[in-house]
Amino acid sequence: MFRLTHYMRELTDPTPVLPRRGAGAVRPVVIWNLTRRCNLRCRHCYTTSADVQFPGELSTEEALGVMADLKAFGIPALILSGGEPMSRPDFFDLAGHARALGFRYLALSTNGTKITGDAARRVADLGFDYVGISIDGIGAANDWFRGIDGAYAAALAGVRECKRRGVRVGLRFTITEGNAHMLGDMLDLCEGEGVDKFYLSHLVYAGRGDKHRGDDTQHARTRAAMDTLIARAWKAVSGDAPLEVVTGNNDADAVRFLHWVQDNFDAARAAHVEAHLAAWGGNSSGLGVANIDPLGRVHPDTYWSDYTIGNVRRTPFSALWTGGDPMLATLRQRPRPLKGRCGACAFRHVCGGNTRIRALQVSGDPWAEDPACYLSDAEIGLDPAQAPAARLTVTPFRGKSHDPKHRFF
């Protein structure tokens with residue numbers, strides 16, 4: 001995940017660059033697909049969920065044991081996901097136990113349609129640090145993507161229930177050719193509803209998303225979307241507006257942002273931002289993020305369902321994550337053994353080689369170039385003679401950016 005707003009604030013409120021931690025010291029954010037069951041039928045579902053009971057999912061007792069191990073291991077954040085996690089009958093028991101264990105950050109990833117009535121009260125009472133609700137367009141467009149009429153209205157009602165009860169809530173929007181034109185409308189929706197975070201997810205070729213890879217946004221449209229997000233995020237940051245903007249599943253976004261900084265701010269500030277981005281390091285599959293699926297299998301991230309490190313039914317997560325798995329070891333290398341454009345890219349230290357599962361799905365090689373990188377050869381340092389692409393322009397710094405304490409450069 002690329003936290004655009006977070007790094008943009010380094011332009012107005014700079015902070016020291018922390019050293020990058022070694023792989024052995026990193027504890028991952030764990031995204032746990034509690035169940036594959038879901039009441040929607042999304043075209044881009046990476047778990048190929050359906051509204052049926054799938055066999056073999058972890059029992060309540062098994063799940064509680066996994067939580068105890070995750071807590072003892074010291075993971076920084078636990079995200080309860082699905083399918084639709086609230087479709088699981090013991091969801092509130094599991095979520096309540098996670099809260100009682102005292103995870104530093106507990107989040108819920110949901111389609112939002114079940115956050116109503118008493119369930120909405122219980123979500124609020126649990127004190128989730130964040131609830132992410134997926135909406136993929138306005139009105140009927142979302143319903144088409146989500147496969148159920150009325151899904152948009154129900155999800156929006158869930159957003160409003162969260163806001164009414166003081167729960168921090170965000171919208172997740174998976175961009176495709178069919179809904180990219182609604183990006184501005186989605187951002188307006190966030191501002192109008194007081195949503196705390198907007199998450200733009202690039203399509204990953206996994207599950208039903210792999211079958212619909214033809215819907216992936218063409219490079220020019222992806223660039224335009226990122227430029228829209230940069231402009232809106234800058235407007236929010238420079239105006240002290242609360243909306244946070246993040247993107248996921250295309251770490252080339254960080255490079256695009258860095259070029260924007262280089263073109264619109266002085267060299268010292270650009271170097272400061274680049275140092276922060278390098279400390280982050282881009283794609284974190286197998287290092288800063290991990291996935292547990294409904295059957296207890298552990299994967300490098302939520303989209304690597306075809307690669308299993310082990311199963312928490314037989315081996316604790318902590319042992320699997322610190323064991324000698326060869327794929328994890330290679331994913332944790334810096335630089336990774338990348339090929340093609342990714343291997344030759346001058347910004348590997350920023351994006352980390354982007355999304356490896358997309359390269360695997362298209363080429364059969366997890367270290368091949370990511371086909372969704374939308375940057376030109378010139379922008380990634382392969383052909384300096386090529387004319388650079390047009391950049392965004394921004395208004396000069398305003399307000400607090402002129403405060404001398406912020407003029408560290």
# chains A, B, ... in the order shown; residues from 1 in each chain; ligands from 1
>>> residues_around(residues="segment 68-77 of chain A", least_positions_apart="6", cutoff="9 Å", atoms="only C-alpha atoms", output="PDB file with all heavy atoms, in the first residue's frame")
ATOM      1  N   VAL A  26      11.239  -7.307  10.862  1.00  0.00           N
ATOM      2  CA  VAL A  26       9.927  -6.866  10.401  1.00  0.00           C
ATOM      3  C   VAL A  26       8.849  -7.865  10.809  1.00  0.00           C
ATOM      4  O   VAL A  26       9.001  -9.074  10.614  1.00  0.00           O
ATOM      5  CB  VAL A  26       9.921  -6.682   8.869  1.00  0.00           C
ATOM      6  CG1 VAL A  26       8.526  -6.345   8.372  1.00  0.00           C
ATOM      7  CG2 VAL A  26      10.899  -5.587   8.467  1.00  0.00           C
ATOM      8  N   ARG A  27       7.779  -7.363  11.377  1.00  0.00           N
ATOM      9  CA  ARG A  27       6.589  -8.160  11.638  1.00  0.00           C
ATOM     10  C   ARG A  27       5.511  -7.698  10.666  1.00  0.00           C
ATOM     11  O   ARG A  27       5.267  -6.490  10.530  1.00  0.00           O
ATOM     12  CB  ARG A  27       6.110  -8.000  13.075  1.00  0.00           C
ATOM     13  CG  ARG A  27       7.084  -8.582  14.102  1.00  0.00           C
ATOM     14  CD  ARG A  27       7.141 -10.090  13.985  1.00  0.00           C
ATOM     15  NE  ARG A  27       8.027 -10.702  14.975  1.00  0.00           N
ATOM     16  CZ  ARG A  27       9.293 -11.017  14.755  1.00  0.00           C
ATOM     17  NH1 ARG A  27       9.843 -10.745  13.571  1.00  0.00           N
ATOM     18  NH2 ARG A  27      10.020 -11.594  15.697  1.00  0.00           N
ATOM     19  N   PRO A  28       4.858  -8.603   9.965  1.00  0.00           N
ATOM     20  CA  PRO A  28       3.951  -8.186   8.896  1.00  0.00           C
ATOM     21  C   PRO A  28       2.570  -7.778   9.397  1.00  0.00           C
ATOM     22  O   PRO A  28       2.095  -8.237  10.440  1.00  0.00           O
ATOM     23  CB  PRO A  28       3.837  -9.460   8.054  1.00  0.00           C
ATOM     24  CG  PRO A  28       3.933 -10.562   9.074  1.00  0.00           C
ATOM     25  CD  PRO A  28       4.958 -10.077  10.076  1.00  0.00           C
ATOM     26  N   VAL A  29       1.937  -6.904   8.647  1.00  0.00           N
ATOM     27  CA  VAL A  29       0.491  -6.725   8.753  1.00  0.00           C
ATOM     28  C   VAL A  29      -0.152  -8.009   8.231  1.00  0.00           C
ATOM     29  O   VAL A  29       0.197  -8.477   7.143  1.00  0.00           O
ATOM     30  CB  VAL A  29       0.029  -5.519   7.923  1.00  0.00           C
ATOM     31  CG1 VAL A  29      -1.500  -5.452   7.853  1.00  0.00           C
ATOM     32  CG2 VAL A  29       0.622  -4.233   8.467  1.00  0.00           C
ATOM     33  N   VAL A  30      -1.054  -8.584   8.992  1.00  0.00           N
ATOM     34  CA  VAL A  30      -1.694  -9.836   8.584  1.00  0.00           C
ATOM     35  C   VAL A  30      -3.115  -9.555   8.120  1.00  0.00           C
ATOM     36  O   VAL A  30      -3.933  -9.009   8.870  1.00  0.00           O
ATOM     37  CB  VAL A  30      -1.704 -10.873   9.720  1.00  0.00           C
ATOM     38  CG1 VAL A  30      -2.520 -12.101   9.320  1.00  0.00           C
ATOM     39  CG2 VAL A  30      -0.276 -11.286  10.067  1.00  0.00           C
ATOM     40  N   ILE A  31      -3.379  -9.893   6.876  1.00  0.00           N
ATOM     41  CA  ILE A  31      -4.732  -9.824   6.317  1.00  0.00           C
ATOM     42  C   ILE A  31      -5.288 -11.238   6.373  1.00  0.00           C
ATOM     43  O   ILE A  31      -4.773 -12.140   5.718  1.00  0.00           O
ATOM     44  CB  ILE A  31      -4.707  -9.289   4.878  1.00  0.00           C
ATOM     45  CG1 ILE A  31      -4.014  -7.920   4.840  1.00  0.00           C
ATOM     46  CG2 ILE A  31      -6.125  -9.197   4.313  1.00  0.00           C
ATOM     47  CD1 ILE A  31      -3.716  -7.432   3.433  1.00  0.00           C
ATOM     48  N   ALA A  98     -10.060 -10.699  19.389  1.00  0.00           N
ATOM     49  CA  ALA A  98      -8.916  -9.949  18.865  1.00  0.00           C
ATOM     50  C   ALA A  98      -8.769  -8.621  19.591  1.00  0.00           C
ATOM     51  O   ALA A  98      -7.656  -8.206  19.950  1.00  0.00           O
ATOM     52  CB  ALA A  98      -9.073  -9.726  17.363  1.00  0.00           C
ATOM     53  N   LEU A 101      -7.374  -9.201  23.075  1.00  0.00           N
ATOM     54  CA  LEU A 101      -5.949  -9.514  23.076  1.00  0.00           C
ATOM     55  C   LEU A 101      -5.093  -8.257  22.995  1.00  0.00           C
ATOM     56  O   LEU A 101      -3.920  -8.276  23.361  1.00  0.00           O
ATOM     57  CB  LEU A 101      -5.608 -10.447  21.906  1.00  0.00           C
ATOM     58  CG  LEU A 101      -6.016 -11.915  22.057  1.00  0.00           C
ATOM     59  CD1 LEU A 101      -5.759 -12.669  20.756  1.00  0.00           C
ATOM     60  CD2 LEU A 101      -5.256 -12.576  23.210  1.00  0.00           C
ATOM     61  N   GLY A 102      -5.675  -7.191  22.495  1.00  0.00           N
ATOM     62  CA  GLY A 102      -4.966  -5.917  22.480  1.00  0.00           C
ATOM     63  C   GLY A 102      -4.065  -5.691  21.287  1.00  0.00           C
ATOM     64  O   GLY A 102      -3.002  -5.073  21.410  1.00  0.00           O
ATOM     65  N   PHE A 103      -4.482  -6.178  20.105  1.00  0.00           N
ATOM     66  CA  PHE A 103      -3.707  -5.856  18.904  1.00  0.00           C
ATOM     67  C   PHE A 103      -3.617  -4.337  18.752  1.00  0.00           C
ATOM     68  O   PHE A 103      -4.598  -3.624  18.977  1.00  0.00           O
ATOM     69  CB  PHE A 103      -4.365  -6.461  17.665  1.00  0.00           C
ATOM     70  CG  PHE A 103      -4.178  -7.946  17.543  1.00  0.00           C
ATOM     71  CD1 PHE A 103      -5.189  -8.823  17.926  1.00  0.00           C
ATOM     72  CD2 PHE A 103      -2.987  -8.474  17.082  1.00  0.00           C
ATOM     73  CE1 PHE A 103      -5.022 -10.188  17.827  1.00  0.00           C
ATOM     74  CE2 PHE A 103      -2.810  -9.849  16.975  1.00  0.00           C
ATOM     75  CZ  PHE A 103      -3.822 -10.711  17.353  1.00  0.00           C
ATOM     76  N   ARG A 104      -2.449  -3.877  18.361  1.00  0.00           N
ATOM     77  CA  ARG A 104      -2.241  -2.426  18.262  1.00  0.00           C
ATOM     78  C   ARG A 104      -3.187  -1.781  17.259  1.00  0.00           C
ATOM     79  O   ARG A 104      -3.606  -0.626  17.423  1.00  0.00           O
ATOM     80  CB  ARG A 104      -0.792  -2.134  17.862  1.00  0.00           C
ATOM     81  CG  ARG A 104       0.190  -2.209  19.007  1.00  0.00           C
ATOM     82  CD  ARG A 104       1.570  -1.755  18.561  1.00  0.00           C
ATOM     83  NE  ARG A 104       2.230  -2.734  17.715  1.00  0.00           N
ATOM     84  CZ  ARG A 104       3.270  -2.461  16.929  1.00  0.00           C
ATOM     85  NH1 ARG A 104       3.717  -1.220  16.845  1.00  0.00           N
ATOM     86  NH2 ARG A 104       3.835  -3.408  16.202  1.00  0.00           N
ATOM     87  N   TYR A 105      -3.510  -2.495  16.187  1.00  0.00           N
ATOM     88  CA  TYR A 105      -4.375  -1.945  15.138  1.00  0.00           C
ATOM     89  C   TYR A 105      -5.258  -3.074  14.637  1.00  0.00           C
ATOM     90  O   TYR A 105      -4.756  -4.092  14.167  1.00  0.00           O
ATOM     91  CB  TYR A 105      -3.520  -1.375  14.004  1.00  0.00           C
ATOM     92  CG  TYR A 105      -4.282  -0.641  12.930  1.00  0.00           C
ATOM     93  CD1 TYR A 105      -4.523   0.719  13.025  1.00  0.00           C
ATOM     94  CD2 TYR A 105      -4.755  -1.323  11.803  1.00  0.00           C
ATOM     95  CE1 TYR A 105      -5.215   1.397  12.028  1.00  0.00           C
ATOM     96  CE2 TYR A 105      -5.441  -0.652  10.803  1.00  0.00           C
ATOM     97  CZ  TYR A 105      -5.664   0.708  10.914  1.00  0.00           C
ATOM     98  OH  TYR A 105      -6.350   1.370   9.928  1.00  0.00           O
ATOM     99  N   LEU A 106      -6.551  -2.893  14.775  1.00  0.00           N
ATOM    100  CA  LEU A 106      -7.521  -3.904  14.353  1.00  0.00           C
ATOM    101  C   LEU A 106      -8.467  -3.277  13.340  1.00  0.00           C
ATOM    102  O   LEU A 106      -9.118  -2.267  13.631  1.00  0.00           O
ATOM    103  CB  LEU A 106      -8.307  -4.430  15.550  1.00  0.00           C
ATOM    104  CG  LEU A 106      -9.344  -5.521  15.267  1.00  0.00           C
ATOM    105  CD1 LEU A 106      -8.671  -6.795  14.747  1.00  0.00           C
ATOM    106  CD2 LEU A 106     -10.160  -5.827  16.518  1.00  0.00           C
ATOM    107  N   ALA A 107      -8.526  -3.863  12.146  1.00  0.00           N
ATOM    108  CA  ALA A 107      -9.335  -3.296  11.072  1.00  0.00           C
ATOM    109  C   ALA A 107     -10.279  -4.341  10.509  1.00  0.00           C
ATOM    110  O   ALA A 107     -10.051  -5.554  10.627  1.00  0.00           O
ATOM    111  CB  ALA A 107      -8.448  -2.739   9.967  1.00  0.00           C
ATOM    112  N   PRO A 316       2.534 -23.044  13.640  1.00  0.00           N
ATOM    113  CA  PRO A 316       2.156 -21.670  13.976  1.00  0.00           C
ATOM    114  C   PRO A 316       2.616 -20.681  12.908  1.00  0.00           C
ATOM    115  O   PRO A 316       3.669 -20.863  12.281  1.00  0.00           O
ATOM    116  CB  PRO A 316       2.879 -21.418  15.304  1.00  0.00           C
ATOM    117  CG  PRO A 316       3.108 -22.773  15.881  1.00  0.00           C
ATOM    118  CD  PRO A 316       3.333 -23.677  14.698  1.00  0.00           C
ATOM    119  N   PHE A 317       1.824 -19.648  12.728  1.00  0.00           N
ATOM    120  CA  PHE A 317       2.184 -18.607  11.767  1.00  0.00           C
ATOM    121  C   PHE A 317       3.581 -18.075  12.047  1.00  0.00           C
ATOM    122  O   PHE A 317       4.381 -17.869  11.120  1.00  0.00           O
ATOM    123  CB  PHE A 317       1.170 -17.465  11.814  1.00  0.00           C
ATOM    124  CG  PHE A 317       1.528 -16.308  10.925  1.00  0.00           C
ATOM    125  CD1 PHE A 317       1.107 -16.262   9.617  1.00  0.00           C
ATOM    126  CD2 PHE A 317       2.317 -15.264  11.408  1.00  0.00           C
ATOM    127  CE1 PHE A 317       1.467 -15.200   8.794  1.00  0.00           C
ATOM    128  CE2 PHE A 317       2.677 -14.198  10.588  1.00  0.00           C
ATOM    129  CZ  PHE A 317       2.250 -14.171   9.279  1.00  0.00           C
ATOM    130  N   SER A 318       3.886 -17.824  13.296  1.00  0.00           N
ATOM    131  CA  SER A 318       5.184 -17.259  13.661  1.00  0.00           C
ATOM    132  C   SER A 318       6.332 -18.127  13.167  1.00  0.00           C
ATOM    133  O   SER A 318       7.366 -17.610  12.714  1.00  0.00           O
ATOM    134  CB  SER A 318       5.269 -17.074  15.174  1.00  0.00           C
ATOM    135  OG  SER A 318       4.972 -18.298  15.847  1.00  0.00           O
TER     136      SER A 318
END
>>> residues_around(residues="Ala372 of chain A", least_positions_apart="3", cutoff="10 Å", atoms="only C-alpha atoms", output="number ranges by chain")
A: 202-204, 216-219, 222, 249-252, 354-355, 358-359, 369, 375
>>> residues_around(residues="segment 140-144 of chain A", least_positions_apart="6", cutoff="10 Å", atoms="only C-alpha atoms", output="PDB file with N, CA and C atoms, in the first residue's frame")
ATOM      1  N   LEU A  40     -22.221 -11.027  -1.944  1.00  0.00           N
ATOM      2  CA  LEU A  40     -22.129 -10.374  -3.253  1.00  0.00           C
ATOM      3  C   LEU A  40     -21.385 -11.277  -4.226  1.00  0.00           C
ATOM      4  N   ARG A  41     -21.384 -10.877  -5.505  1.00  0.00           N
ATOM      5  CA  ARG A  41     -20.723 -11.680  -6.548  1.00  0.00           C
ATOM      6  C   ARG A  41     -19.859 -10.755  -7.415  1.00  0.00           C
ATOM      7  N   CYS A  42     -18.813 -10.226  -6.818  1.00  0.00           N
ATOM      8  CA  CYS A  42     -18.002  -9.200  -7.471  1.00  0.00           C
ATOM      9  C   CYS A  42     -17.199  -9.775  -8.634  1.00  0.00           C
ATOM     10  N   ARG A  43     -17.160  -9.039  -9.736  1.00  0.00           N
ATOM     11  CA  ARG A  43     -16.466  -9.489 -10.942  1.00  0.00           C
ATOM     12  C   ARG A  43     -14.957  -9.631 -10.711  1.00  0.00           C
ATOM     13  N   SER A 134     -15.885  -1.484   0.527  1.00  0.00           N
ATOM     14  CA  SER A 134     -15.621  -1.509  -0.910  1.00  0.00           C
ATOM     15  C   SER A 134     -16.815  -0.992  -1.704  1.00  0.00           C
ATOM     16  N   GLY A 150     -28.865  -3.104  -5.572  1.00  0.00           N
ATOM     17  CA  GLY A 150     -29.027  -2.553  -4.235  1.00  0.00           C
ATOM     18  C   GLY A 150     -27.762  -2.575  -3.395  1.00  0.00           C
ATOM     19  N   ALA A 151     -26.663  -3.124  -3.943  1.00  0.00           N
ATOM     20  CA  ALA A 151     -25.417  -3.208  -3.168  1.00  0.00           C
ATOM     21  C   ALA A 151     -24.869  -1.821  -2.838  1.00  0.00           C
ATOM     22  N   TYR A 152     -25.015  -0.875  -3.770  1.00  0.00           N
ATOM     23  CA  TYR A 152     -24.497   0.474  -3.531  1.00  0.00           C
ATOM     24  C   TYR A 152     -25.229   1.138  -2.365  1.00  0.00           C
ATOM     25  N   ALA A 153     -26.536   1.089  -2.401  1.00  0.00           N
ATOM     26  CA  ALA A 153     -27.318   1.729  -1.343  1.00  0.00           C
ATOM     27  C   ALA A 153     -27.017   1.096   0.014  1.00  0.00           C
ATOM     28  N   ALA A 155     -24.233  -0.522   0.922  1.00  0.00           N
ATOM     29  CA  ALA A 155     -22.873  -0.195   1.349  1.00  0.00           C
ATOM     30  C   ALA A 155     -22.788   1.241   1.851  1.00  0.00           C
ATOM     31  N   PHE A 173     -11.862   1.431  -3.729  1.00  0.00           N
ATOM     32  CA  PHE A 173     -12.352   1.512  -5.107  1.00  0.00           C
ATOM     33  C   PHE A 173     -11.354   0.810  -6.008  1.00  0.00           C
ATOM     34  N   GLY A 178     -14.003  -0.002 -16.875  1.00  0.00           N
ATOM     35  CA  GLY A 178     -15.438   0.253 -16.799  1.00  0.00           C
ATOM     36  C   GLY A 178     -15.857   1.303 -15.793  1.00  0.00           C
ATOM     37  N   ASN A 179     -14.976   1.644 -14.845  1.00  0.00           N
ATOM     38  CA  ASN A 179     -15.397   2.614 -13.839  1.00  0.00           C
ATOM     39  C   ASN A 179     -14.397   3.747 -13.608  1.00  0.00           C
ATOM     40  N   MET A 182     -15.378   7.344 -13.101  1.00  0.00           N
ATOM     41  CA  MET A 182     -16.093   7.724 -11.889  1.00  0.00           C
ATOM     42  C   MET A 182     -15.161   8.081 -10.732  1.00  0.00           C
TER      43      MET A 182
END
>>> atom_distance(atom1="atom CA of Asp185 of chain A", atom2="atom CA of Arg146 of chain A")
17.8 Å
>>> residues_around(residues="Gln262 of chain A", least_positions_apart="2", cutoff="12 Å", atoms="only C-alpha atoms", output="ChimeraX atom specification")
/A:11,255-260,264-274,379,391-394
>>> select_by_dssp(residues="segment 35-65 of chain A", states="alpha helix (DSSP H)", output="PyMOL selection string")
chain A and resi 60-65
>>> write_last_selection(atoms="N, CA, C and O atoms", output="short mmCIF file (atom, residue, chain, number, x, y, z; two decimals), in the first residue's frame")
data_model
loop_
_atom_site.label_atom_id
_atom_site.label_comp_id
_atom_site.auth_asym_id
_atom_site.auth_seq_id
_atom_site.Cartn_x
_atom_site.Cartn_y
_atom_site.Cartn_z
N THR A 60 -13.85 -22.08 15.12
CA THR A 60 -13.69 -20.99 16.09
C THR A 60 -12.47 -21.25 16.97
O THR A 60 -11.64 -20.35 17.19
N GLU A 61 -12.35 -22.47 17.47
CA GLU A 61 -11.24 -22.80 18.37
C GLU A 61 -9.89 -22.66 17.66
O GLU A 61 -8.92 -22.14 18.23
N GLU A 62 -9.83 -23.12 16.40
CA GLU A 62 -8.58 -22.98 15.65
C GLU A 62 -8.24 -21.51 15.43
O GLU A 62 -7.08 -21.10 15.56
N ALA A 63 -9.24 -20.71 15.09
CA ALA A 63 -9.01 -19.29 14.84
C ALA A 63 -8.52 -18.58 16.10
O ALA A 63 -7.63 -17.72 16.04
N LEU A 64 -9.09 -18.93 17.24
CA LEU A 64 -8.66 -18.31 18.49
C LEU A 64 -7.19 -18.65 18.79
O LEU A 64 -6.42 -17.80 19.27
N GLY A 65 -6.79 -19.87 18.49
CA GLY A 65 -5.40 -20.26 18.68
C GLY A 65 -4.46 -19.49 17.77
O GLY A 65 -3.35 -19.09 18.18
#
>>> residues_around(residues="Asn33 of chain A", least_positions_apart="4", cutoff="7 Å", atoms="only C-alpha atoms", output="CSV table (one decimal) with all heavy atoms, in the first residue's frame")
chain,number,residue,atom,x,y,z
A,80,LEU,N,-9.3,-8.1,9.4
A,80,LEU,CA,-10.2,-9.2,9.2
A,80,LEU,C,-11.0,-9.0,7.9
A,80,LEU,O,-11.6,-8.0,7.7
A,80,LEU,CB,-11.2,-9.2,10.4
A,80,LEU,CG,-10.5,-9.3,11.8
A,80,LEU,CD1,-11.6,-9.4,12.9
A,80,LEU,CD2,-9.6,-10.5,11.9
A,81,SER,N,-10.8,-9.9,7.0
A,81,SER,CA,-11.4,-9.8,5.7
A,81,SER,C,-12.1,-11.1,5.3
A,81,SER,O,-12.4,-11.9,6.1
A,81,SER,CB,-10.2,-9.5,4.7
A,81,SER,OG,-10.7,-9.2,3.4
A,82,GLY,N,-12.5,-11.2,4.0
A,82,GLY,CA,-13.2,-12.4,3.6
A,82,GLY,C,-12.8,-12.7,2.1
A,82,GLY,O,-11.7,-12.4,1.7
A,83,GLY,N,-13.8,-13.2,1.3
A,83,GLY,CA,-15.2,-13.1,1.4
A,83,GLY,C,-15.8,-11.9,2.1
A,83,GLY,O,-15.1,-10.8,2.2
A,292,ILE,N,-3.5,-15.0,5.6
A,292,ILE,CA,-4.0,-16.3,6.1
A,292,ILE,C,-5.3,-16.5,5.4
A,292,ILE,O,-6.2,-15.6,5.5
A,292,ILE,CB,-4.1,-16.4,7.6
A,292,ILE,CG1,-2.8,-16.1,8.3
A,292,ILE,CG2,-4.6,-17.8,8.0
A,292,ILE,CD1,-2.9,-16.0,9.8
A,293,ASP,N,-5.5,-17.6,4.7
A,293,ASP,CA,-6.8,-17.8,4.0
A,293,ASP,C,-7.8,-18.6,4.8
A,293,ASP,O,-7.4,-19.0,6.0
A,293,ASP,CB,-6.5,-18.4,2.6
A,293,ASP,CG,-6.2,-19.9,2.6
A,293,ASP,OD1,-6.4,-20.6,3.7
A,293,ASP,OD2,-5.7,-20.4,1.6
A,294,PRO,N,-9.0,-18.8,4.4
A,294,PRO,CA,-10.0,-19.4,5.3
A,294,PRO,C,-9.7,-20.8,5.7
A,294,PRO,O,-10.2,-21.3,6.7
A,294,PRO,CB,-11.3,-19.4,4.4
A,294,PRO,CG,-11.1,-18.2,3.5
A,294,PRO,CD,-9.6,-18.2,3.2
>>> residues_around(residues="segment 108-119 of chain A", least_positions_apart="4", cutoff="10 Å", atoms="only C-alpha atoms", output="ChimeraX atom specification")
/A:31-33,38-40,78-87,92,95,123-125,128-135,146,150-162,169-172
